[in-house]
Amino acid sequence: GENVEQHPSTLSVQEGDSAVIKCTYSDSASNYFPWYKQELGKRPQLIIDIRSNVGEKKDQRIAVTLNKTAKHFSLHITETQPEDSAVYFCAASILEYGNKLVFGAGTILRVKS
Amino acid sequence: GAGVSQSPSNKVTEKGKDVELRCDPISGHTALYWYRQSLGQGLEFLIYFQGNSAPDKSGLPSDRFSAERTGGSVSTLTIQRTQQEDSAVYLCASSLAIASGSFYNEQFFGPGTRLTVL
């Protein structure tokens with residue numbers, strides 16, 4: 001089955017700097033890649049997603065890139081702010097097989113002001 | 001409108017007891033998912049429903065775990081003879097639809113039920 005690996009496990013950046021989180025997946029049939037943000041004690045919330053027919057997607061300070069050949073995708077956050085501090089999870093799924101999400105282990109992002 | 005709700009928010013039980021966890025999805029959402037999040041870990045898929053049927057139960061850890069969904073809405077996850085390793089946060093999510101060409105695949109998560117087995 002699908003396996004998703006996520007790096008780094010923790011990331012500390014200075015406010016205003018960029019942050020990059022990387023994930024690799026194993027199943028070449030995966031075609032949907034969402035990213036979730038989970039603040040302490042709260043539920044995961046979708047921040048951006050990308051499908052396999054697209055190489056890059058951007059939403060304000062957040063962008064995701066996908067390399068299908070290498071089977072990896074990355075989250076880029078620019079101009080980080082203290083409120084970006086949270087745990088970020090990447091995930092992969094096959095939409096035709098019910099869209100069950102296989103998650104990475106998560107990255108704790110700390111933005112220091 | 002209202003989001004996904006789950007009850008109870010916290011459940012403490014003794015080893016060997018049965019527990020039931022409830023999920024109320026967003027109204028109109030046909031797909032419903034259960035995940036488990038152990039302390040400091042990522043989310044682990046358990047089961048999903050399309051309507052009232054469960055095409056994929058592959059994530060259920062053992063036959064002590066079962067789930068049902070009635071009326072295409074509320075779902076209950078039951079854990080029989082609980083063990084200490086069952087302690088985790090159980091998260092439910094729902095989405096409007098499942099379709100490769102659909103834009104409505106976003107899964108909305110509930111607040112979770114924190115289960116502690118003593």
# chains A, B, ... in the order shown; residues from 1 in each chain; ligands from 1
$ residues_around --residues "Glu44 in chain B" --least-positions-apart "2" --cutoff "7 Å" --atoms "only C-alpha atoms" --output "list in words"
Val102 and Phe103 of chain A; Tyr35, Arg36, Gln37, Gly42 and Leu46 of chain B
$ interface_residues --of "chain A" --to "chain B" --cutoff "6 Å" --atoms "only C-alpha atoms" --output "compact mmCIF listing (two decimals) with C-alpha atoms, in the first residue's frame"
# COMPACT_ATOMS: atom_id res chain seq x y z
CA ARG A 43 -8.70 19.68 14.34
CA LEU A 95 -9.45 9.55 -5.66
CA GLU A 96 -10.90 6.62 -7.58
CA PHE A 103 -0.63 10.84 6.01
CA ALA A 105 4.14 11.77 10.26
CA GLY A 106 3.90 15.55 10.46
$ closest_residue --among "A:Leu101, A:Cys90, A:Thr80, A:Glu56" --to "Ser12 in chain A" --atoms "only C-alpha atoms"
A:Thr80
$ atom_distance --atom1 "CA of Ser94 in chain B" --atom2 "CA of Ser7 in chain B"
15.2 Å
$ select_by_dssp --residues "chain B" --states "strand (DSSP E)" --output "ChimeraX atom specification"
/B:5-7,10-13,19-24,31-37,43-50,53-56,65-69,75-79,88-95,108-109,113-117
$ residues_around --residues "Phe89 in chain A" --least-positions-apart "6" --cutoff "6 Å" --atoms "only C-alpha atoms" --output "list in words"
Trp35, Tyr36, Gly104 and Gly106 of chain A
